[in-house]
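Colleague: Before anything else, here's the structure in question.
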Amino acid sequence: MVRTALDQVALEVRNIRKSFGGVHALQGVNFTINKGEVVGLLGDNGAGKSTLVRCVSGIHSPDEGEIIVNGHEVNINSPLDARNVGIETVFQDLAMVPEFNITENLFLNREIKHKNPILRKLGWLDKKAMEKKAKKALNRLNSRIPSFEEQIYRLSGGQRQAVAIARAVNWGADIVIMDEPTAALGVEQSAQVNELINLISSQGVAVLLISHNMQHVVETCDRAVVLYQGRSVADVAVSEVTKEDLVSLITGAKTAA
Amino acid sequence: MSINQLTLDQIKGLALKREFFIYYIFLTVMLLFTVTLHDSGFFSLTNFMNIVRQTAPVTIMAIGLTFALAVGHIDLSIGAVVALSALVGAILLQHVGIPLAVVGALSVGLIVGLINGLLIERLQVSSLLITLGTMGVITGVARQITNLESVPIIDQTFTAFFGAGELFGVPSLLIWTLVIAVIAYVVLTKLSFGRHLLAVGGSPKAALAMGIKVTRIRLYALVISSLAAALAGLLYAGRLHGARYTLGEADLLTVIAAVAIGGTSLFGGRACIIGAILGSWLMGMINNGLILSGFSTNEQMIARGVILVIAVAIGVKELKNG
Amino acid sequence: MSTTRKNKNHSALKSPNIVFLSLLYILCSYSFSLSAKNIQEIDWSKAANSSDINLSAEQINTIKDKKLTAALVWHGASPWINAVSRGAEDEFKKLGVRVIAQTDAQYDPAKQVADLENISALEPDLVLSLSIDGISTKLSYQKILAGGAKLVLLSNPIPGFQHNKDFAGIVTDDMFGMGEAAATLVAQASNDTGKIGIIFHDANYFITNNRDQAFRKALTRYSNIKVISEKGFVKEHETSNIAAAMLLQHPEIDTIYVSWDTAAEGVIETLRSIGRKDIKVVTHDLGVNNLLDMAMNGNLYGTISDRPYDIGKTMARIAAGAEIGIQAPEFTLVPFDSVTHENIASIWHKAFKAPLPKLLDLALKQ
């Protein structure tokens with residue numbers, strides 16, 4: 001399955017530009033991600049990684065450029081637009097409500113409504129259905145979650161990450177963007193998250209992984225895209241480069257061959 | 001972690017949950033008064049009806065404020081809205097029928113809520129400052145339009161419907177309280193709108209990232225808070241057979257205390273309607289019990305403060321240990 | 001169970017906040033006790049009646065020639081104060097005195113101090129004022145007096161101020177007469193055999209304290225009238241709950257005395273909602289809501305009304321007279337009226353010199 005899927009481009013980003021006042025955060029970024037592929041997005045602080053993520057996930061609108069999803073150009077002006085075209089983002093802060101429980105967070109703004117049409121109009125929640133689906137979604141990721149009633153702030157960092165990833169893939173997303181998913185985690189929990197990433201990519205999901213951690217990128221990614229001063233300066237297969245190569249690309253000491 | 005431990009932990013966690021705190025305080029204070037005032041008629045249906053009737057406007061305001069707090073806003077203008085809404089209702093009743101007068105009074109709440117919400121979102125200033133400002137403006141308007149005179153209401157239907165009336169022996173003020181409470185409870189816990197309110201209060205960033213229209217939700221919350229205050233104004237007008245610019249003035253702090261003690265976070269994200277109701281009833285009950293106790297006015301003030309502080313202190317300590 | 005306590009700052013922030021609110025709550029309940037002079041020191045037998053204060057045509061002309069200016073420095077704002085102002089303004093007009101400023105301290109001594117300082121810049125010849133708190137406002141009054149102004153006070157004396165040196169006179173209600181008259185109304189309402197509940201103003205305030213005290217004293221004359229329960233209040237909105245509690249414990253009460261009109265509204269509200277049409281209420285002052293209740297044969301049996309318009313008129317007269325060397329007694333008392341269903345309209349006119357409110361007029365014509 002993986003081989004054939006690899007040839008289909010899930011997300012293509014062409015010549016994205018974005019400025020804030022006089023600051024040119026993105027000055028022409030290009031890359032593609034195939035289905036089932038994990039692509040690392042690398043770059044120093046201020047290279048434009050976060051801005052790029054925000055442009056693709058609908059928080060910012062790019063000034064220029066095209067975003068192509070599954071062969072169609074799309075217009076993304078809000079987080080909802082992004083979700084509607086199949087792009088889900090796992091934000092660095094996870095974008096979860098700490099006081100909500102797992103199910104509530106999984107279904108935030110995508111609540112399952114009651115079957116009765118009148119109650120449905122009122123926005124009446126079908127909590128049972130959501131709980132059932134939540135269990136399914138987390139089981140799909142083989143996660144060990146103590147209780148679905150548990151509020152998010154009571155979970156460990158790895159468990160929270162799992163919930164955030166489950167939320168992203170739960171909606172049949174074709175593309176999942178992850179912003180520093182292991183930044184706040186310990187070794188064991190980072191490994192769990194890596195497992196999750198491999199798992200969802202094997203299910204055909206395209207993953208864009210933003211990370212500082214070179215080891216992490218080398219372990220999980222198929223390719224790496226490097227941003228330097230707002231431009232994409234390299235797009236390399238991870239298996240063909242060394243860690244040192246990546247570092248010099250990030251720092252601008254070397255340009256891609 | 002063994003099964004036993006888990007369930008024990010869970011039980012403990014449940015018992016110490018912030019939301020249940022108000023039940024303990026409520027029952028403790030009730031028990032305290034029942035024992036100490038056993039010969040003063042505290043524990044009687046008549047007296048409990050007194051308390052419910054007296055606190056009805058405060059309860060409705062507390063329910064409304066819960067919505068504002070749920071999204072992380074405070075609304076200080078509710079006391080002033082009570083007065084203006086009651087006055088507008090009373091003045092309109094001299095010229096038009098009940099339905100129009102009620103609509104007029106409630107639209108005071110609607111308009112003030114919209115103004116509060118729009119100012120806060122447009123200027124990006126804290127709700128505390130904006131509503132403090134609108135509170136002043138509304139109070140000024142209320143004083144101005146009546147020249148400080150009270151406006152009487154002689155319409156018996158109105159006063160029965162909003163104030164002293166009864167339906168099948170149940171005081172209309174209790175019916176109002178229950179109806180509003182049920183609606184608010186359903187909205188906050190059963191509807192997606194309530195979910196979104198709490199999400200916006202709990203983590204605006206997360207809500208935004210998940211595509212919730214944060215600005216609009218906040219606006220709705222302030223309108224609800226203001227509308228509830230306007231309804232409280234009508235209840236006061238019905239009860240007192242008239243309105244005056246001082247109505248609601250003394251209620252603001254009681255309402256905030258009631259809501260906070262009832263388990264609603266003053267910083268958004270956690271709201272408890274039942275807590276707000278029990279909180280207001282608790283404030284009413286403390287007041288009532290202390291009057292019945294025969295303490296002097298000064299002693300009552302001291303006792304009221306001490307009870308509140310002790311109750312809150314115990315609750316907070318319990319929670320920290322848990 | 002591993003718990004990363006992200007909620008730590010939450011609860012840490014929360015607890016002081018609630019405690020702070022509670023403290024604020026208590027403080028606010030406290031802040032409303034105003035200070036007043038010890039009334040035992042005053043010899044009321046030397047007080048004049050407002051009808052004794054008169055100016056001859058010749059004196060009026062002398063005053064007119066001086067083209068005086070006046071300032072009204074009030075403690076708050078209410079229909080009652082408006083009537084006082086109207087009385088003063090009408091009288092000043094007759095005397096050719098121009099009113100150059102009028103202030104409302106919103107019951108806040110600090111605001112009144114600021115008001116007085118602002119007004120001293122205008123250098124008025126005459127100042128009519130009610131001092132909220134004699135101690136904190138004293139210095140500011142002295143500043144105005146240093147400019148040569150004549151001061152006439154309403155009700156509250158200022159500690160240490162000397163008659164004819166610092167102020168020309170104090171005009172006040174006949175508080176003792178009012179208290180006694182209220183007792184007479186209570187006796188009438190209960191056919192001299194009442195079971196009485198008293199809801200009194202439990203704060204140090206000159207007028208209400210004197211009236212309540214005089215009422216209690218006068219009531220002892222009626223041997224068959226028993227005071228069943230007495231409860232105090234600090235703020236008007238408390239009386240509703242107090243009345244409910246009082247009647248829960250003493251349902252046999254048939255007449256309730258409350259310190260003043262707006263405080264009585266809460267009592268009447270409670271009586272309505274618990275369905276006690278039989279209990280009668282007696283109070284002081286005129287208010288539209290309660291007069292309507294009386295007009296429609298509700299719980300209010302009667303009220304004792306002072307004459308705010310006359311108070312203003314008398315104050316103006318004393319101040320202007322002082323400017324041409326006429327000395328008024330230290331205290332001048334303005335009379336009062338007992339109001340019951342029959343004389344609502346006529347007393348309203350007498351007290352306020354203003355038309356009867358529309359609804360009240362309608363109710364009386366029914």
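Residues in the structure tokens are numbered from 1 in each chain, the chains being A, B, ... in the order shown, and ligands are numbered from 1 in the order shown.
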Pull the strand (DSSP E or B) assignments for stretch 52-190 of chain B out of DSSP run on the backbone, and list those residues as a list in words.

Modeller: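 So, restricting stretch 52-190 of chain B to strand (DSSP E or B), we get Val151, Pro152, Glu166, Leu167, Val170 and Pro171 of chain B.
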
Colleague: Find the spatial neighbours of C:Gly275, counting only C-alpha atoms, within a cut-off of 12 Å - ignore same-chain residues fewer than 6 positions away - and output them as number ranges by chain.

Modeller: B: 164-166, 171; C: 244, 247, 251, 268-269, 298-299

Colleague: Atoms to include: C-alpha atoms. Write the selected residues as a PDB file, in the first residue's frame.

Modeller:
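Saved file again27.pdb follows:
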ATOM      1  CA  ALA B 164     -45.741  38.546  44.473  1.00  0.00           C
ATOM      2  CA  GLY B 165     -48.004  36.233  42.465  1.00  0.00           C
ATOM      3  CA  GLU B 166     -48.468  32.496  42.750  1.00  0.00           C
ATOM      4  CA  PRO B 171     -44.604  31.736  44.284  1.00  0.00           C
TER       5      PRO B 171
ATOM      6  CA  ALA C 244     -39.867  38.665  56.789  1.00  0.00           C
ATOM      7  CA  LEU C 247     -42.968  38.195  61.149  1.00  0.00           C
ATOM      8  CA  PRO C 251     -46.719  36.639  63.460  1.00  0.00           C
ATOM      9  CA  ILE C 268     -44.485  46.650  52.523  1.00  0.00           C
ATOM     10  CA  GLU C 269     -43.148  44.409  49.774  1.00  0.00           C
ATOM     11  CA  GLY C 298     -52.592  48.895  51.169  1.00  0.00           C
ATOM     12  CA  ASN C 299     -50.388  48.401  54.207  1.00  0.00           C
TER      13      ASN C 299
END

Colleague: Which residues of chain A come within 9 Å of chain B, and for each one, what is the closest pair of atoms and their distance in Å to one decimal, counting only C-alpha atoms, sorted by chain and residue number, as a tab-separated table?

Modeller:
residue	atom	partner	partner_atom	distance
A:Ser57	CA	B:Ala209	CA	8.5
A:Gly58	CA	B:Ala209	CA	8.4
A:Ile59	CA	B:Ala209	CA	7.2
A:Ser78	CA	B:Gly211	CA	7.0
A:Pro79	CA	B:Gly211	CA	5.0
A:Leu80	CA	B:Gly211	CA	4.9
A:Asp81	CA	B:Gly211	CA	8.5
A:Arg83	CA	B:Met210	CA	8.6
A:Thr89	CA	B:Ala209	CA	8.6
A:Phe91	CA	B:Ala209	CA	8.5
A:Asp93	CA	B:Ala206	CA	8.3
A:Leu94	CA	B:Ala206	CA	7.5
A:Ala95	CA	B:Ala206	CA	3.8
A:Met96	CA	B:Ala206	CA	5.2
A:Val97	CA	B:Ser203	CA	5.2
A:Pro98	CA	B:Gly202	CA	6.8
A:Glu99	CA	B:Gly202	CA	6.6
A:Phe100	CA	B:Ala199	CA	7.9
A:Glu104	CA	B:Arg195	CA	8.1
A:Asn105	CA	B:Ala199	CA	8.9
A:Leu108	CA	B:Met210	CA	6.7
A:Asn109	CA	B:Ile212	CA	6.2
A:Arg110	CA	B:Met210	CA	8.6
A:Glu111	CA	B:Ser192	CA	6.7
A:Ile112	CA	B:Ser192	CA	8.9
A:Lys113	CA	B:Ser192	CA	8.0
A:Leu119	CA	B:Leu191	CA	9.0
A:Leu122	CA	B:Leu191	CA	7.0
A:Gly123	CA	B:Leu191	CA	5.1
A:Trp124	CA	B:Leu191	CA	4.4
A:Leu125	CA	B:Leu191	CA	5.5
A:Asp126	CA	B:Lys190	CA	8.5
A:Lys127	CA	B:Lys190	CA	8.6

Colleague: Residues of chain A were defined as contacting chain C if any atom lay at most 9 Å from it, counting only C-alpha atoms; please report them as an MDAnalysis selection string.

Modeller: chainID A and resid 98:99 146 153:157

Colleague: Would you output that residue set with C-alpha atoms, as a JSON list (two decimals), in the first residue's frame?

Modeller:
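Saved result, out.json, follows:
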[["chain", "number", "residue", "atom", "x", "y", "z"],
["A", 98, "PRO", "CA", -7.20, 21.95, 30.14],
["A", 99, "GLU", "CA", -10.43, 21.69, 32.10],
["A", 146, "PRO", "CA", -6.63, 5.91, 32.20],
["A", 153, "TYR", "CA", -4.57, 18.81, 32.74],
["A", 154, "ARG", "CA", -4.43, 15.65, 34.79],
["A", 155, "LEU", "CA", -2.82, 13.67, 31.95],
["A", 156, "SER", "CA", 0.89, 13.27, 31.31],
["A", 157, "GLY", "CA", 2.52, 15.14, 28.44]]

Colleague: I'd like the neighbourhood of B:Gly262 as a list in words, where a residue qualifies if any of its atoms comes within 10 Å (using only C-alpha atoms), though same-chain residues fewer than 4 positions away should be ignored.

Modeller: Arg18, Glu19, Phe20, Phe21, Ile22, Tyr23, Ile25, Phe26, Ala62, Thr66, Ile256, Ala257, Ala258, Ala271, Cys272, Ile273, Ile274, Gly275, Ala276, Ile277, Leu278, Gly279, Ser280 and Leu282 of chain B

Colleague: Would you please give, as a PyMOL selection string, all residues of stretch 32-243 of chain C that DSSP assigns to helix (DSSP H, G or I) based on the backbone?

Modeller: chain C and resi 39-41+44-46+50-52+57-66+79-94+109-120+134-146+175-189+206-219+236-243

Colleague: Can you tell me which residues surround A:Asn34 at a distance of at most 10 Å, considering only C-alpha atoms, apart from same-chain residues fewer than 6 positions away, and format the answer as a VMD selection string?

Modeller: chain A and resid 5 to 12 70 174 to 175 204 to 207

Colleague: Generate a file of the selected residues that holds C-alpha atoms, formatted as an mmCIF file, in the first residue's frame.

Modeller:
data_model
loop_
_atom_site.group_PDB
_atom_site.id
_atom_site.type_symbol
_atom_site.label_atom_id
_atom_site.label_comp_id
_atom_site.auth_asym_id
_atom_site.auth_seq_id
_atom_site.Cartn_x
_atom_site.Cartn_y
_atom_site.Cartn_z
ATOM 1 C CA ALA A 5 0.429 5.865 -2.113
ATOM 2 C CA LEU A 6 3.801 7.511 -2.036
ATOM 3 C CA ASP A 7 3.378 8.721 -5.536
ATOM 4 C CA GLN A 8 0.278 10.761 -4.783
ATOM 5 C CA VAL A 9 0.981 14.282 -3.623
ATOM 6 C CA ALA A 10 -1.149 15.095 -0.563
ATOM 7 C CA LEU A 11 -0.049 18.682 0.015
ATOM 8 C CA GLU A 12 1.874 21.052 -2.159
ATOM 9 C CA ASN A 70 -4.859 16.422 -3.314
ATOM 10 C CA ASP A 174 -5.187 13.539 4.892
ATOM 11 C CA ILE A 175 -2.536 15.828 6.240
ATOM 12 C CA GLY A 204 -1.805 6.789 4.648
ATOM 13 C CA VAL A 205 -1.752 10.106 6.428
ATOM 14 C CA ALA A 206 0.774 12.690 5.274
ATOM 15 C CA VAL A 207 2.640 14.155 8.235
#

Colleague: Determine the nearest neighbour of B:Gly113 from the options B:Gly41, B:Gly136, B:Gly72, B:Gly64, counting only C-alpha atoms.

Modeller: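 Answer, going by the shortest atom-to-atom distance: B:Gly64.
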
Colleague: Quick one, how far is atom CA of B:Val102 from atom CA of B:Gly133?

Modeller: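 That distance, rounded to one decimal, is 25.6 Å.
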
Colleague: Do you know which residues are at most 9 Å from C:Trp74 counting only C-alpha atoms, after dropping those on the same chain fewer than 2 positions away, and could you put them as JSON, numbers by chain?

Modeller: {"C": [72, 76, 77, 81, 102, 103, 104, 105, 106, 107, 112, 128, 129, 130, 131, 132]}

Colleague: Include C-alpha atoms and write out the residues we just selected as a PDB file, in the first residue's frame.

Modeller:
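Below you can see again13.pdb, which holds the result:
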ATOM      1  CA  LEU C  72     -25.949  75.219  47.803  1.00  0.00           C
ATOM      2  CA  GLY C  76     -26.655  63.894  47.992  1.00  0.00           C
ATOM      3  CA  ALA C  77     -29.453  64.107  45.501  1.00  0.00           C
ATOM      4  CA  ILE C  81     -33.184  67.691  48.371  1.00  0.00           C
ATOM      5  CA  GLN C 102     -25.070  73.733  43.573  1.00  0.00           C
ATOM      6  CA  THR C 103     -23.263  70.497  44.417  1.00  0.00           C
ATOM      7  CA  ASP C 104     -24.150  66.889  45.240  1.00  0.00           C
ATOM      8  CA  ALA C 105     -21.534  64.993  47.242  1.00  0.00           C
ATOM      9  CA  GLN C 106     -23.119  61.606  46.557  1.00  0.00           C
ATOM     10  CA  TYR C 107     -22.973  60.880  50.296  1.00  0.00           C
ATOM     11  CA  GLN C 112     -17.960  67.086  49.668  1.00  0.00           C
ATOM     12  CA  LEU C 128     -26.434  76.625  52.502  1.00  0.00           C
ATOM     13  CA  SER C 129     -25.204  73.149  53.215  1.00  0.00           C
ATOM     14  CA  LEU C 130     -25.739  69.756  54.770  1.00  0.00           C
ATOM     15  CA  SER C 131     -22.447  68.409  56.062  1.00  0.00           C
ATOM     16  CA  ILE C 132     -22.109  64.660  55.631  1.00  0.00           C
TER      17      ILE C 132
END

Colleague: Smallest atom-to-atom distance to A:Tyr228: which of A:Ile102, A:Val163, A:Ile250, A:Leu208, using only C-alpha atoms?

Modeller: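 Using only C-alpha atoms, the shortest distance to A:Tyr228 belongs to A:Ile250.
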
Colleague: Measuring atom to atom with only C-alpha atoms, identify which of C:Val267, C:Val281, C:Val227, C:Ala71 is nearest to chain B.

Modeller: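 That would be C:Val267, the residue with the smallest distance to chain B.
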
Colleague: Determine the nearest neighbour of chain C from the options B:Leu45, B:Ala70, B:Ile217, B:Ala232, counting only C-alpha atoms.

Modeller: B:Leu45

Colleague: Just the residues within 12 Å of C:Val152, please, counting only C-alpha atoms, with nothing from its chain fewer than 5 positions along; format it as a PyMOL selection string.

Modeller: chain C and resi 70-74+88+125-131+141+145+157-158+161-172+311-323+327-332
